[in-house]
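Enquirer: My structure is in data.cif, and what it holds is mmCIF, C-alpha atoms:
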```cif
data_model
loop_
_atom_site.label_atom_id
_atom_site.label_comp_id
_atom_site.auth_asym_id
_atom_site.auth_seq_id
_atom_site.Cartn_x
_atom_site.Cartn_y
_atom_site.Cartn_z
CA MET A 164 39.06 -6.85 -36.10
CA ASP A 165 42.10 -4.76 -35.13
CA GLY A 166 40.74 -1.72 -36.93
CA VAL A 167 37.44 -2.07 -35.17
CA THR A 168 38.88 -2.48 -31.67
CA THR A 169 41.32 0.38 -32.08
CA ALA A 170 38.39 2.44 -33.29
CA PHE A 171 36.69 1.74 -29.95
CA PHE A 172 39.80 2.23 -27.85
CA PRO A 173 42.48 3.98 -29.96
CA ASP A 174 44.95 4.46 -27.10
CA PHE A 175 45.21 0.82 -25.99
CA ASP A 176 46.87 -2.38 -27.22
CA ALA A 177 44.84 -3.76 -30.13
CA GLU A 178 45.16 -7.42 -29.20
CA ALA A 179 44.05 -6.87 -25.60
CA LEU A 180 41.20 -4.69 -26.72
CA ALA A 181 40.09 -7.24 -29.30
CA ASP A 182 39.88 -9.87 -26.58
CA LEU A 183 38.02 -7.46 -24.27
CA VAL A 184 35.45 -6.51 -26.90
CA GLU A 185 34.99 -10.06 -28.19
CA ASN A 186 34.31 -11.48 -24.73
CA ALA A 187 32.28 -8.59 -23.31
CA SER A 188 28.90 -9.40 -21.78
CA ASP A 189 27.30 -6.60 -23.81
CA LEU A 190 26.25 -6.87 -27.45
CA ILE A 191 28.78 -4.86 -29.47
CA GLN A 192 28.54 -4.00 -33.16
CA SER A 193 30.05 -1.75 -35.80
CA VAL A 194 27.95 -0.86 -38.85
CA ASP A 195 28.89 1.13 -41.97
CA LEU A 196 26.72 3.86 -43.45
CA ASP A 197 24.99 1.34 -45.74
CA GLY A 198 23.93 -0.76 -42.78
CA ARG A 199 26.45 -3.58 -43.35
CA PHE A 200 27.92 -5.13 -40.25
CA LEU A 201 31.64 -4.52 -40.00
CA TYR A 202 31.91 -6.37 -36.70
CA VAL A 203 29.80 -8.05 -34.06
CA ASN A 204 31.17 -9.68 -30.90
CA ARG A 205 30.55 -13.17 -29.60
CA ARG A 206 27.77 -12.13 -27.22
CA TRP A 207 25.97 -10.46 -30.17
CA ARG A 208 26.24 -13.63 -32.25
CA GLU A 209 25.20 -15.97 -29.45
CA ARG A 210 22.25 -13.89 -28.28
CA LEU A 211 20.81 -13.29 -31.75
CA GLY A 212 21.81 -16.68 -33.19
CA TYR A 213 23.09 -15.58 -36.62
CA THR A 214 26.04 -17.32 -38.24
CA THR A 215 29.06 -15.46 -39.60
CA GLU A 216 27.87 -16.11 -43.15
CA GLU A 217 24.40 -14.73 -42.38
CA ILE A 218 25.82 -11.64 -40.70
CA ALA A 219 27.86 -10.91 -43.83
CA ARG A 220 24.62 -10.74 -45.84
CA LEU A 221 22.53 -8.88 -43.27
CA ARG A 222 21.83 -5.18 -43.06
CA LEU A 223 21.13 -3.38 -39.79
CA PHE A 224 17.43 -2.93 -40.53
CA ASP A 225 17.11 -6.68 -41.13
CA VAL A 226 17.59 -7.27 -37.41
CA ILE A 227 15.65 -4.26 -36.09
CA ARG A 228 11.97 -4.82 -35.40
CA PRO A 229 10.01 -3.07 -38.20
CA ASP A 230 8.09 -0.70 -35.95
CA HIS A 231 11.45 0.66 -34.70
CA HIS A 232 12.73 1.49 -38.22
CA PRO A 233 11.43 5.10 -38.30
CA GLN A 234 12.92 5.84 -34.91
CA CYS A 235 16.29 4.36 -35.86
CA ARG A 236 16.41 6.40 -39.08
CA ARG A 237 15.76 9.58 -37.11
CA LEU A 238 18.49 8.65 -34.64
CA PHE A 239 20.95 7.94 -37.47
CA GLU A 240 20.23 11.31 -39.08
CA ALA A 241 20.65 13.06 -35.74
CA LEU A 242 23.89 11.19 -35.11
CA CYS A 243 25.31 12.19 -38.50
CA GLY A 244 24.32 15.76 -37.72
CA GLY A 245 26.55 15.75 -34.67
CA THR A 246 23.91 15.12 -31.99
CA ASP A 247 24.86 13.12 -28.91
CA LEU A 248 22.08 10.57 -28.74
CA GLY A 249 22.35 9.54 -25.11
CA PRO A 250 20.79 6.20 -24.10
CA VAL A 251 19.14 4.35 -26.99
CA GLU A 252 16.38 1.76 -26.67
CA THR A 253 15.46 -0.62 -29.48
CA VAL A 254 14.36 -4.18 -30.23
CA PHE A 255 16.39 -6.64 -32.35
CA LEU A 256 14.99 -9.76 -33.97
CA ALA A 257 16.91 -12.96 -33.28
CA ARG A 258 17.30 -15.65 -35.94
CA ASN A 259 14.55 -17.72 -34.28
CA GLY A 260 12.13 -14.77 -34.30
CA GLU A 261 12.59 -13.89 -30.63
CA GLU A 262 12.38 -10.19 -29.82
CA VAL A 263 15.41 -8.99 -27.86
CA GLU A 264 14.99 -5.73 -25.96
CA LEU A 265 18.20 -3.70 -25.91
CA GLU A 266 19.42 -0.55 -24.26
CA GLY A 267 22.77 1.13 -24.90
CA GLN A 268 24.88 3.77 -26.61
CA VAL A 269 25.47 4.48 -30.30
CA THR A 270 28.32 6.73 -31.46
CA LEU A 271 29.58 7.90 -34.85
CA ARG A 272 33.05 7.24 -36.26
CA CYS A 273 34.41 9.76 -38.78
CA ASP A 274 37.41 9.78 -41.16
CA PRO A 275 40.30 12.25 -40.74
CA GLN A 276 38.34 14.80 -42.77
CA GLY A 277 35.41 14.55 -40.34
CA ARG A 278 33.15 12.66 -42.69
CA PRO A 279 30.95 9.90 -41.13
CA ARG A 280 32.27 6.41 -41.82
CA SER A 281 30.44 4.04 -39.46
CA THR A 282 28.48 3.71 -36.24
CA ARG A 283 29.46 1.86 -33.10
CA GLY A 284 26.90 0.39 -30.72
CA VAL A 285 27.21 -1.17 -27.30
CA PHE A 286 23.95 -2.70 -26.05
CA ARG A 287 22.81 -4.53 -22.97
CA ASP A 288 20.07 -7.16 -23.11
CA VAL A 289 17.39 -5.75 -20.80
CA GLY A 290 14.61 -8.17 -21.75
CA GLU A 291 14.64 -10.15 -18.51
CA GLN A 292 15.04 -6.99 -16.46
CA ARG A 293 12.08 -5.34 -18.18
CA ALA A 294 9.99 -8.50 -17.98
CA ALA A 295 10.69 -8.62 -14.25
CA ARG A 296 9.82 -4.94 -13.99
CA ARG A 297 6.57 -5.54 -15.88
CA ARG A 298 5.72 -8.41 -13.54
CA VAL A 299 6.42 -6.19 -10.55
CA ASP A 300 4.33 -3.39 -12.08
CA GLU A 301 1.48 -5.80 -12.77
CA LEU A 302 1.70 -7.14 -9.23
CA LEU A 303 1.73 -3.62 -7.83
CA ALA A 304 -1.24 -2.69 -10.02
CA LYS A 305 -3.17 -5.76 -8.86
CA THR A 306 -2.24 -5.09 -5.24
CA SER A 307 -3.29 -1.46 -5.57
CA ALA A 308 -6.58 -2.50 -7.18
CA ILE A 309 -7.24 -5.02 -4.40
CA ILE A 310 -6.50 -2.42 -1.72
CA ALA A 311 -8.54 0.25 -3.50
CA HIS A 312 -11.60 -1.96 -4.03
CA ALA A 313 -11.43 -4.05 -0.86
CA PRO A 314 -14.66 -3.91 1.17
CA VAL A 315 -12.67 -3.59 4.39
CA GLY A 316 -10.60 -0.63 5.50
CA ILE A 317 -6.86 -1.12 4.98
CA SER A 318 -4.19 1.11 6.49
CA LEU A 319 -0.44 0.85 7.02
CA TYR A 320 1.51 2.63 9.75
CA ARG A 321 5.13 3.14 10.68
CA PRO A 322 6.15 2.20 14.24
CA ASP A 323 6.04 5.90 15.17
CA GLY A 324 2.31 5.80 14.36
CA GLN A 325 2.34 7.75 11.10
CA CYS A 326 -0.01 6.43 8.43
CA VAL A 327 1.73 5.71 5.13
CA GLU A 328 -1.25 4.26 3.24
CA ALA A 329 -5.02 4.04 3.58
CA ASN A 330 -7.76 3.02 1.16
CA GLU A 331 -11.10 4.58 0.29
CA ALA A 332 -13.01 1.91 2.22
CA LEU A 333 -11.41 3.07 5.47
CA ALA A 334 -12.24 6.68 4.62
CA ARG A 335 -15.89 5.69 4.08
CA ILE A 336 -15.95 3.81 7.38
CA VAL A 337 -14.62 6.72 9.44
CA GLY A 338 -16.59 9.25 7.40
CA GLY A 339 -13.76 11.52 6.25
CA PRO A 340 -11.64 12.22 3.15
CA VAL A 341 -8.93 9.65 2.43
CA GLU A 342 -6.26 12.37 2.34
CA GLN A 343 -7.03 13.28 5.93
CA VAL A 344 -7.05 9.62 6.99
CA ARG A 345 -3.59 9.22 5.46
CA SER A 346 -2.34 12.13 7.53
CA PHE A 347 -3.25 10.40 10.81
CA ASN A 348 -0.73 9.36 13.43
CA PHE A 349 -2.46 6.72 15.55
CA ARG A 350 -0.33 7.59 18.58
CA ARG A 351 -1.92 11.03 18.59
CA LEU A 352 -5.54 9.94 18.11
CA GLU A 353 -7.62 10.29 21.25
CA SER A 354 -10.18 7.82 19.85
CA TRP A 355 -7.47 5.12 19.62
CA ARG A 356 -6.39 5.77 23.18
CA ARG A 357 -9.96 5.89 24.52
CA HIS A 358 -11.12 2.64 22.91
CA GLY A 359 -7.99 0.57 23.61
CA LEU A 360 -6.73 0.58 20.02
CA LEU A 361 -3.40 2.19 20.92
CA GLU A 362 -2.71 -0.44 23.55
CA CYS A 363 -3.61 -3.21 21.10
CA ALA A 364 -1.41 -1.72 18.35
CA GLU A 365 1.57 -1.40 20.69
CA ALA A 366 1.10 -4.99 21.89
CA CYS A 367 1.04 -6.19 18.27
CA LEU A 368 4.26 -4.35 17.39
CA ALA A 369 6.00 -5.47 20.57
CA SER A 370 5.07 -9.15 20.36
CA GLY A 371 5.07 -9.58 16.60
CA GLU A 372 1.73 -11.37 16.95
CA PRO A 373 -1.60 -10.35 15.37
CA ARG A 374 -4.25 -8.82 17.59
CA THR A 375 -8.03 -8.39 17.21
CA LEU A 376 -10.30 -5.86 18.90
CA GLU A 377 -13.94 -4.90 18.42
CA THR A 378 -15.10 -1.56 19.73
CA THR A 379 -18.28 0.50 19.66
CA GLY A 380 -18.25 4.26 19.72
CA SER A 381 -17.68 7.15 17.37
CA THR A 382 -15.02 7.70 14.74
CA THR A 383 -12.64 10.64 14.81
CA PHE A 384 -15.25 12.44 12.70
CA GLY A 385 -18.08 11.68 15.15
CA THR A 386 -19.79 8.87 13.22
CA PRO A 387 -21.30 6.18 15.53
CA VAL A 388 -19.95 2.77 14.53
CA THR A 389 -19.08 -0.72 15.69
CA LEU A 390 -15.70 -1.61 14.22
CA LEU A 391 -13.62 -4.79 14.19
CA PHE A 392 -9.86 -4.12 14.03
CA ARG A 393 -7.26 -6.70 13.04
CA PHE A 394 -3.68 -5.63 13.77
CA VAL A 395 -1.00 -7.48 11.79
CA PRO A 396 2.77 -6.86 12.11
CA VAL A 397 4.57 -6.72 8.75
CA THR A 398 8.13 -5.97 7.67
CA LEU A 399 8.69 -3.63 4.74
CA GLY A 400 12.13 -2.60 3.57
CA GLY A 401 13.61 -4.22 6.64
CA GLU A 402 11.51 -2.02 8.92
CA PRO A 403 8.57 -3.14 11.09
CA HIS A 404 5.19 -1.72 10.14
CA LEU A 405 1.64 -2.16 11.38
CA LEU A 406 -1.07 -3.32 8.98
CA VAL A 407 -4.58 -2.60 10.24
CA LEU A 408 -7.69 -4.15 8.69
CA THR A 409 -10.86 -2.35 9.75
CA GLU A 410 -14.27 -3.92 9.20
CA ASP A 411 -17.51 -2.05 9.79
CA LYS A 412 -19.72 -4.32 11.89
CA THR A 413 -22.33 -1.66 12.62
CA GLU A 414 -25.07 -3.06 10.38
CA GLU A 415 -24.29 -6.67 11.27
CA ARG A 416 -24.48 -5.94 15.00
CA ARG A 417 -27.66 -3.92 14.45
CA ARG A 418 -29.24 -6.90 12.70
CA GLU A 419 -28.12 -9.22 15.48
CA LYS A 420 -29.64 -6.94 18.11
CA ALA A 421 -32.81 -6.61 16.05
CA LEU A 422 -33.04 -10.40 15.79
CA VAL A 423 -32.60 -10.82 19.54
CA ALA A 424 -35.17 -8.08 20.17
CA HIS A 425 -37.60 -9.75 17.76
CA GLN A 426 -37.13 -13.10 19.48
CA GLN A 427 -37.79 -11.44 22.82
CA ARG A 428 -40.92 -9.83 21.37
CA LEU A 429 -42.12 -13.23 20.18
CA LEU A 430 -41.58 -14.64 23.67
CA ARG A 431 -43.44 -11.68 25.07
CA LEU A 432 -46.20 -12.36 22.55
CA GLY A 433 -46.76 -15.76 24.17
CA GLU A 434 -47.26 -14.00 27.49
CA VAL A 435 -49.63 -11.56 25.81
CA ALA A 436 -51.69 -14.43 24.42
CA ARG A 437 -52.07 -15.85 27.92
CA GLN A 438 -53.02 -12.42 29.31
CA ILE A 439 -55.68 -11.94 26.64
CA ALA A 440 -57.02 -15.45 27.10
CA SER A 441 -57.29 -14.94 30.86
CA GLN A 442 -59.77 -12.08 30.40
CA THR A 443 -63.46 -12.97 30.49
CA ASP A 444 -64.79 -9.51 29.70
CA LEU A 445 -64.45 -8.62 26.00
CA ASP A 446 -63.87 -4.91 26.64
CA ARG A 447 -61.05 -5.64 29.06
CA MET A 448 -59.69 -8.26 26.68
CA LEU A 449 -59.56 -5.81 23.76
CA ARG A 450 -58.04 -3.07 25.91
CA THR A 451 -55.34 -5.50 27.08
CA ALA A 452 -54.71 -6.54 23.46
CA VAL A 453 -54.23 -3.00 22.18
CA GLU A 454 -52.05 -2.07 25.17
CA ARG A 455 -49.74 -5.01 24.47
CA ALA A 456 -49.77 -4.25 20.74
CA CYS A 457 -48.56 -0.72 21.52
CA GLU A 458 -45.92 -2.10 23.89
CA LEU A 459 -44.50 -4.66 21.46
CA THR A 460 -44.55 -2.40 18.38
CA ARG A 461 -43.38 0.70 20.29
CA ALA A 462 -46.49 2.59 19.21
CA ASP A 463 -47.41 5.85 20.95
CA THR A 464 -51.09 5.61 20.07
CA GLY A 465 -53.24 2.52 19.66
CA ALA A 466 -56.87 1.59 19.32
CA ILE A 467 -59.18 -1.20 18.28
CA VAL A 468 -62.40 -0.35 16.46
CA ARG A 469 -64.98 -3.14 16.57
CA LEU A 470 -67.19 -3.42 13.50
CA ASP A 471 -70.53 -5.06 12.89
CA PRO A 472 -69.65 -7.96 10.55
CA GLN A 473 -72.97 -7.53 8.74
CA SER A 474 -73.23 -3.76 8.28
CA ALA A 475 -69.57 -2.82 8.87
CA ARG A 476 -70.75 -0.06 11.21
CA PRO A 477 -68.51 0.73 14.21
CA LEU A 478 -69.60 -0.93 17.45
CA GLY A 479 -67.03 0.55 19.80
CA LEU A 480 -63.57 2.03 20.30
CA HIS A 481 -61.01 0.45 22.62
CA VAL A 482 -57.95 2.61 23.33
CA GLY A 483 -54.72 1.23 24.72
CA ALA A 484 -52.20 4.09 24.53
CA GLY A 485 -51.93 7.78 23.85
CA ARG A 486 -53.88 10.73 25.14
CA ILE A 487 -57.23 9.32 23.97
CA GLU A 488 -59.17 7.69 26.79
CA ALA A 489 -62.47 7.44 24.92
CA LEU A 490 -64.49 9.29 22.32
CA PRO A 491 -65.74 12.64 23.61
CA SER A 492 -69.40 12.53 24.57
CA GLY A 493 -71.67 12.92 21.56
CA THR A 494 -68.89 12.15 19.07
CA GLU A 495 -69.73 9.77 16.26
CA LEU A 496 -66.96 7.56 14.91
CA ARG A 497 -67.03 7.92 11.13
CA LEU A 498 -65.36 5.46 8.83
CA HIS A 499 -64.02 7.78 6.15
CA GLY A 500 -60.53 8.76 5.03
CA LEU A 501 -57.86 6.44 6.40
CA LEU A 502 -60.33 4.62 8.67
CA GLY A 503 -62.59 4.00 5.71
CA ARG A 504 -59.78 2.40 3.73
CA VAL A 505 -58.92 0.03 6.59
CA ALA A 506 -62.61 -0.74 7.20
CA ARG A 507 -62.90 -1.77 3.55
CA GLY A 508 -60.09 -4.30 3.99
CA GLU A 509 -56.94 -2.34 3.09
CA THR A 510 -53.81 -2.57 5.22
CA ILE A 511 -52.14 0.82 5.63
CA ARG A 512 -48.49 1.08 6.60
CA THR A 513 -47.08 4.51 6.04
CA ALA A 514 -44.31 6.72 7.38
CA ARG A 515 -46.60 9.77 7.26
CA ALA A 516 -50.31 9.38 7.72
CA ASP A 517 -50.93 13.01 6.76
CA ALA A 518 -49.22 12.40 3.40
CA GLU A 519 -51.74 9.74 2.35
CA PRO A 520 -54.13 10.86 -0.45
CA SER A 521 -57.20 9.94 1.61
CA PHE A 522 -56.06 11.79 4.74
CA ALA A 523 -58.92 13.99 5.96
CA GLY A 524 -57.23 15.62 8.94
CA TRP A 525 -57.18 14.78 12.66
CA PRO A 526 -60.15 15.57 14.89
CA GLU A 527 -59.45 18.05 17.66
CA TRP A 528 -59.54 15.27 20.25
CA HIS A 529 -57.07 13.07 18.31
CA PRO A 530 -53.29 13.48 18.81
CA PRO A 531 -51.28 13.91 15.57
CA VAL A 532 -49.80 10.71 14.15
CA GLY A 533 -46.81 10.31 11.85
CA PRO A 534 -46.04 6.65 11.11
CA MET A 535 -49.23 4.59 11.02
CA LEU A 536 -50.10 0.91 10.84
CA GLY A 537 -53.74 0.02 10.23
CA LEU A 538 -54.85 -3.62 9.95
CA PRO A 539 -58.32 -4.91 9.02
CA LEU A 540 -59.13 -7.95 11.19
CA SER A 541 -61.27 -10.52 9.39
CA ASP A 542 -63.17 -13.55 10.61
CA ARG A 543 -64.43 -15.83 7.85
CA ASP A 544 -64.06 -13.12 5.19
CA ARG A 545 -65.93 -10.53 7.24
CA ILE A 546 -64.13 -7.62 8.86
CA VAL A 547 -64.91 -7.62 12.58
CA ALA A 548 -62.42 -5.01 13.81
CA MET A 549 -59.55 -2.70 12.95
CA LEU A 550 -56.23 -2.50 14.82
CA LEU A 551 -54.82 1.03 14.53
CA LEU A 552 -51.30 1.89 15.72
CA GLY A 553 -49.47 5.19 15.43
CA ARG A 554 -46.27 6.95 16.40
CA THR A 555 -45.59 10.63 16.92
CA PRO A 556 -44.67 12.64 13.80
CA GLY A 557 -41.01 12.23 12.86
CA ALA A 558 -40.65 8.86 14.61
CA GLU A 559 -39.21 5.78 12.92
CA PRO A 560 -41.75 4.04 10.65
CA PHE A 561 -43.18 0.64 11.53
CA ASP A 562 -41.04 -2.17 10.12
CA ASP A 563 -41.74 -5.75 9.02
CA GLY A 564 -41.26 -7.03 12.56
CA ASP A 565 -43.83 -4.56 13.91
CA HIS A 566 -46.23 -5.59 11.16
CA GLN A 567 -45.79 -9.27 11.98
CA ILE A 568 -46.37 -8.71 15.72
CA ALA A 569 -49.47 -6.61 15.00
CA GLU A 570 -50.88 -9.34 12.75
CA MET A 571 -50.33 -11.98 15.45
CA ILE A 572 -52.10 -9.88 18.06
CA GLY A 573 -54.79 -9.17 15.48
CA ASN A 574 -55.40 -12.91 15.14
CA LEU A 575 -55.82 -13.14 18.92
CA ILE A 576 -58.31 -10.27 18.80
CA VAL A 577 -60.34 -12.02 16.10
CA VAL A 578 -60.47 -15.20 18.18
CA ALA A 579 -61.52 -13.22 21.28
CA ILE A 580 -64.34 -11.50 19.37
CA ARG A 581 -65.51 -14.79 17.87
CA VAL A 582 -65.56 -16.55 21.25
CA SER A 583 -67.42 -13.62 22.82
CA ARG A 584 -70.00 -13.65 20.03
CA GLN A 585 -70.48 -17.40 20.31
CA PHE A 586 -70.88 -17.09 24.08
CA THR A 587 -73.48 -14.35 23.59
CA ASP A 588 -75.35 -16.47 21.03
CA LEU A 589 -75.31 -19.42 23.41
CA GLN A 590 -76.73 -17.31 26.24
CA ARG A 591 -79.49 -16.07 23.93
CA LEU A 592 -80.42 -19.63 22.99
CA ASN A 593 -80.57 -20.68 26.64
CA ALA A 594 -82.69 -17.71 27.69
#
```
The structure given in the file should be rewritten as structure tokens.

Expert:
Amino acid sequence: MDGVTTAFFPDFDAEALADLVENASDLIQSVDLDGRFLYVNRRWRERLGYTTEEIARLRLFDVIRPDHHPQCRRLFEALCGGTDLGPVETVFLARNGEEVELEGQVTLRCDPQGRPRSTRGVFRDVGEQRAARRRVDELLAKTSAIIAHAPVGISLYRPDGQCVEANEALARIVGGPVEQVRSFNFRRLESWRRHGLLECAEACLASGEPRTLETTGSTTFGTPVTLLFRFVPVTLGGEPHLLVLTEDKTEERRREKALVAHQQRLLRLGEVARQIASQTDLDRMLRTAVERACELTRADTGAIVRLDPQSARPLGLHVGAGRIEALPSGTELRLHGLLGRVARGETIRTARADAEPSFAGWPEWHPPVGPMLGLPLSDRDRIVAMLLLGRTPGAEPFDDGDHQIAEMIGNLIVVAIRVSRQFTDLQRLNA
């Protein structure tokens, strides 16, 4: 023992050094060139669990994890060649099979002639430290993945307003590159000041209480949106920060407005039914029906074509919107092209009427139509009329709600035509 301790500290009292080395918290060893252990301290023995008798029989490579053998051989050769190894990392195998991660220094001891005699190693058990680091790294990786893939925008700001983190979801919401979003300082953003976000952020930081604000407008990049902001005060590194969760409510609010509008249209449809029922003249009744159909579906052009249920020939045209008041004198209404398809029982709903294969062009007296909705109206399996609705080219196509409204009005039209026909038949019988 004395020779070993004086080898570590040649200028100090051997007994004091022996006690220092033996009771050190690091794992200390001395190994000869054949790999036999000349000395190991108490911490080495306790941590690895080998008895004194076992240590006497062991060689260095018996306690090094096999996959570290090649590295250790290279280090030993470099050490014997005079290279200063610097920090060394390796893994020892304890008696119970546990892997002990070590980090430390290995030096070479030479005889008076300069020939290598043994190695000296001082190692620190870094297993718990590295396990904790791995747990932190895993947690950071999970947190980063959650932030990166979160469906809501997440951003973090210093109290001075400078953004220190922002995710891709926020960049998508505001419509700009994430690098630019991360360069923002919310205290300098006019959009934050204009929509009350700056005031809300300052109140959150001052009170330490979360705040919520929904605003409608345009992002810094000019994208129209409805956004819900949740401001949350957080402390990082002992410093207050502002966490902002941004949720795009644009589509949700659009759907809500569409639902309310649809409900209002249904209520209006009840009024339309009463208006149609109040008419005693069929022509006026059909004109009222097509006018209300245009109103409720936001159509720019609308017409009803009555058909003979027996021959399917057109009996008349009733216009409710657009520049068409009536067919020009001497004009014959022909059921070909798109009209022919509807007259044969096909429903046409298209964003571009002129893109349909059967489109045959617009007559000179007919205004151009883009989106089109054409419904065949049947009574007891016979088509008695067609409801035709159109919008100007480039307008928004008819949607499911428009289609539903048109079908409801179409049912009213069928009833009106049936009642009128029955009344006419009754008059004929009484004549």

Enquirer: In terms of the shortest atom-to-atom distance over all atoms listed in the file, which of A:Ser281, A:Ser307, A:Thr214, A:Thr587 is closest to Ala257 in chain A?

Expert: A:Thr214

Enquirer: Going by the chain IDs and residue numbers used in this file, which residues fall under the PyMOL selection byres ((chain A and resi 540-548) around 7)? Write them as JSON, numbers by chain.

Expert: {"A": [467, 468, 469, 470, 471, 472, 538, 539, 549, 550, 573, 577]}

Enquirer: Gly284 in chain A: which residues within 9 Å, counting only C-alpha atoms, same-chain residues fewer than 3 positions away excluded, as a list of chain:residue names?

Expert: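 Listing them by chain and then by number gives A:Leu190, A:Ile191, A:Gln192, A:Ser193, A:Val194, A:Gly267, A:Gln268, A:Val269, A:Thr270, A:Leu271.
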
Enquirer: Hey, can you spit out that residue selection with C-alpha atoms as a PDB file, in the coordinates of the input?

Expert:
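Contents of again.pdb, freshly written:
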```pdb
ATOM      1  CA  LEU A 190      26.250  -6.870 -27.450  1.00  0.00           C
ATOM      2  CA  ILE A 191      28.780  -4.860 -29.470  1.00  0.00           C
ATOM      3  CA  GLN A 192      28.540  -4.000 -33.160  1.00  0.00           C
ATOM      4  CA  SER A 193      30.050  -1.750 -35.800  1.00  0.00           C
ATOM      5  CA  VAL A 194      27.950  -0.860 -38.850  1.00  0.00           C
ATOM      6  CA  GLY A 267      22.770   1.130 -24.900  1.00  0.00           C
ATOM      7  CA  GLN A 268      24.880   3.770 -26.610  1.00  0.00           C
ATOM      8  CA  VAL A 269      25.470   4.480 -30.300  1.00  0.00           C
ATOM      9  CA  THR A 270      28.320   6.730 -31.460  1.00  0.00           C
ATOM     10  CA  LEU A 271      29.580   7.900 -34.850  1.00  0.00           C
TER      11      LEU A 271
END
```

Enquirer: Report as a list in words all protein, DNA and RNA residues lying within 12 Å of Arg450 in chain A, evaluated on only C-alpha atoms, omitting residues in the same chain fewer than 5 positions from it.

Expert: Val435, Gln438, Ile439, Gln442, Asp444, Leu445, Arg455, Ala456, Cys457, Gly465, Ala466, Ile467, Val468, Arg469, Gly479, Leu480, His481, Val482, Gly483, Ala484, Glu488, Ala489, Leu550, Ile572, Ile576 and Ala579 of chain A

Enquirer: Kindly give the distance, in Å, that separates CA of Gly553 in chain A and CA of Ala516 in chain A, rounded to a single decimal.

Expert: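 That distance, rounded to one decimal, is 8.8 Å.
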
Enquirer: Please measure the separation of CA of Tyr320 in chain A and CA of Pro373 in chain A, giving the value in Å to one decimal.

Expert: 14.5 Å

Enquirer: Apply the PyMOL selection byres ((chain A and resi 259-261) around 12) to the file shown and report the selected residues as a PDB file with C-alpha atoms, keeping the file's coordinate frame.

Expert:
```pdb
ATOM      1  CA  GLU A 209      25.200 -15.970 -29.450  1.00  0.00           C
ATOM      2  CA  ARG A 210      22.250 -13.890 -28.280  1.00  0.00           C
ATOM      3  CA  LEU A 211      20.810 -13.290 -31.750  1.00  0.00           C
ATOM      4  CA  GLY A 212      21.810 -16.680 -33.190  1.00  0.00           C
ATOM      5  CA  TYR A 213      23.090 -15.580 -36.620  1.00  0.00           C
ATOM      6  CA  ASP A 225      17.110  -6.680 -41.130  1.00  0.00           C
ATOM      7  CA  VAL A 226      17.590  -7.270 -37.410  1.00  0.00           C
ATOM      8  CA  ILE A 227      15.650  -4.260 -36.090  1.00  0.00           C
ATOM      9  CA  ARG A 228      11.970  -4.820 -35.400  1.00  0.00           C
ATOM     10  CA  VAL A 254      14.360  -4.180 -30.230  1.00  0.00           C
ATOM     11  CA  PHE A 255      16.390  -6.640 -32.350  1.00  0.00           C
ATOM     12  CA  LEU A 256      14.990  -9.760 -33.970  1.00  0.00           C
ATOM     13  CA  ALA A 257      16.910 -12.960 -33.280  1.00  0.00           C
ATOM     14  CA  ARG A 258      17.300 -15.650 -35.940  1.00  0.00           C
ATOM     15  CA  GLU A 262      12.380 -10.190 -29.820  1.00  0.00           C
ATOM     16  CA  VAL A 263      15.410  -8.990 -27.860  1.00  0.00           C
ATOM     17  CA  GLU A 264      14.990  -5.730 -25.960  1.00  0.00           C
ATOM     18  CA  GLY A 290      14.610  -8.170 -21.750  1.00  0.00           C
TER      19      GLY A 290
END
```

Enquirer: Please, what distance in Å, to one decimal, runs between CA of Arg280 in chain A and CA of Val203 in chain A?

Expert: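 Here the two named atoms are 16.6 Å from each other.
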
Enquirer: Which polymer residues, whether protein, DNA or RNA, lie within 12 Å of the coordinate (33.1, -11.5, -23.4) when you count only C-alpha atoms? List them as a PyMOL selection string, using the chain letters and numbers from the file.

Expert: chain A and resi 180-191+203-209

Enquirer: Write a file of the just-selected residues containing C-alpha atoms, as a PDB file, in the frame of the given file.

Expert:
```pdb
ATOM      1  CA  LEU A 180      41.200  -4.690 -26.720  1.00  0.00           C
ATOM      2  CA  ALA A 181      40.090  -7.240 -29.300  1.00  0.00           C
ATOM      3  CA  ASP A 182      39.880  -9.870 -26.580  1.00  0.00           C
ATOM      4  CA  LEU A 183      38.020  -7.460 -24.270  1.00  0.00           C
ATOM      5  CA  VAL A 184      35.450  -6.510 -26.900  1.00  0.00           C
ATOM      6  CA  GLU A 185      34.990 -10.060 -28.190  1.00  0.00           C
ATOM      7  CA  ASN A 186      34.310 -11.480 -24.730  1.00  0.00           C
ATOM      8  CA  ALA A 187      32.280  -8.590 -23.310  1.00  0.00           C
ATOM      9  CA  SER A 188      28.900  -9.400 -21.780  1.00  0.00           C
ATOM     10  CA  ASP A 189      27.300  -6.600 -23.810  1.00  0.00           C
ATOM     11  CA  LEU A 190      26.250  -6.870 -27.450  1.00  0.00           C
ATOM     12  CA  ILE A 191      28.780  -4.860 -29.470  1.00  0.00           C
ATOM     13  CA  VAL A 203      29.800  -8.050 -34.060  1.00  0.00           C
ATOM     14  CA  ASN A 204      31.170  -9.680 -30.900  1.00  0.00           C
ATOM     15  CA  ARG A 205      30.550 -13.170 -29.600  1.00  0.00           C
ATOM     16  CA  ARG A 206      27.770 -12.130 -27.220  1.00  0.00           C
ATOM     17  CA  TRP A 207      25.970 -10.460 -30.170  1.00  0.00           C
ATOM     18  CA  ARG A 208      26.240 -13.630 -32.250  1.00  0.00           C
ATOM     19  CA  GLU A 209      25.200 -15.970 -29.450  1.00  0.00           C
TER      20      GLU A 209
END
```
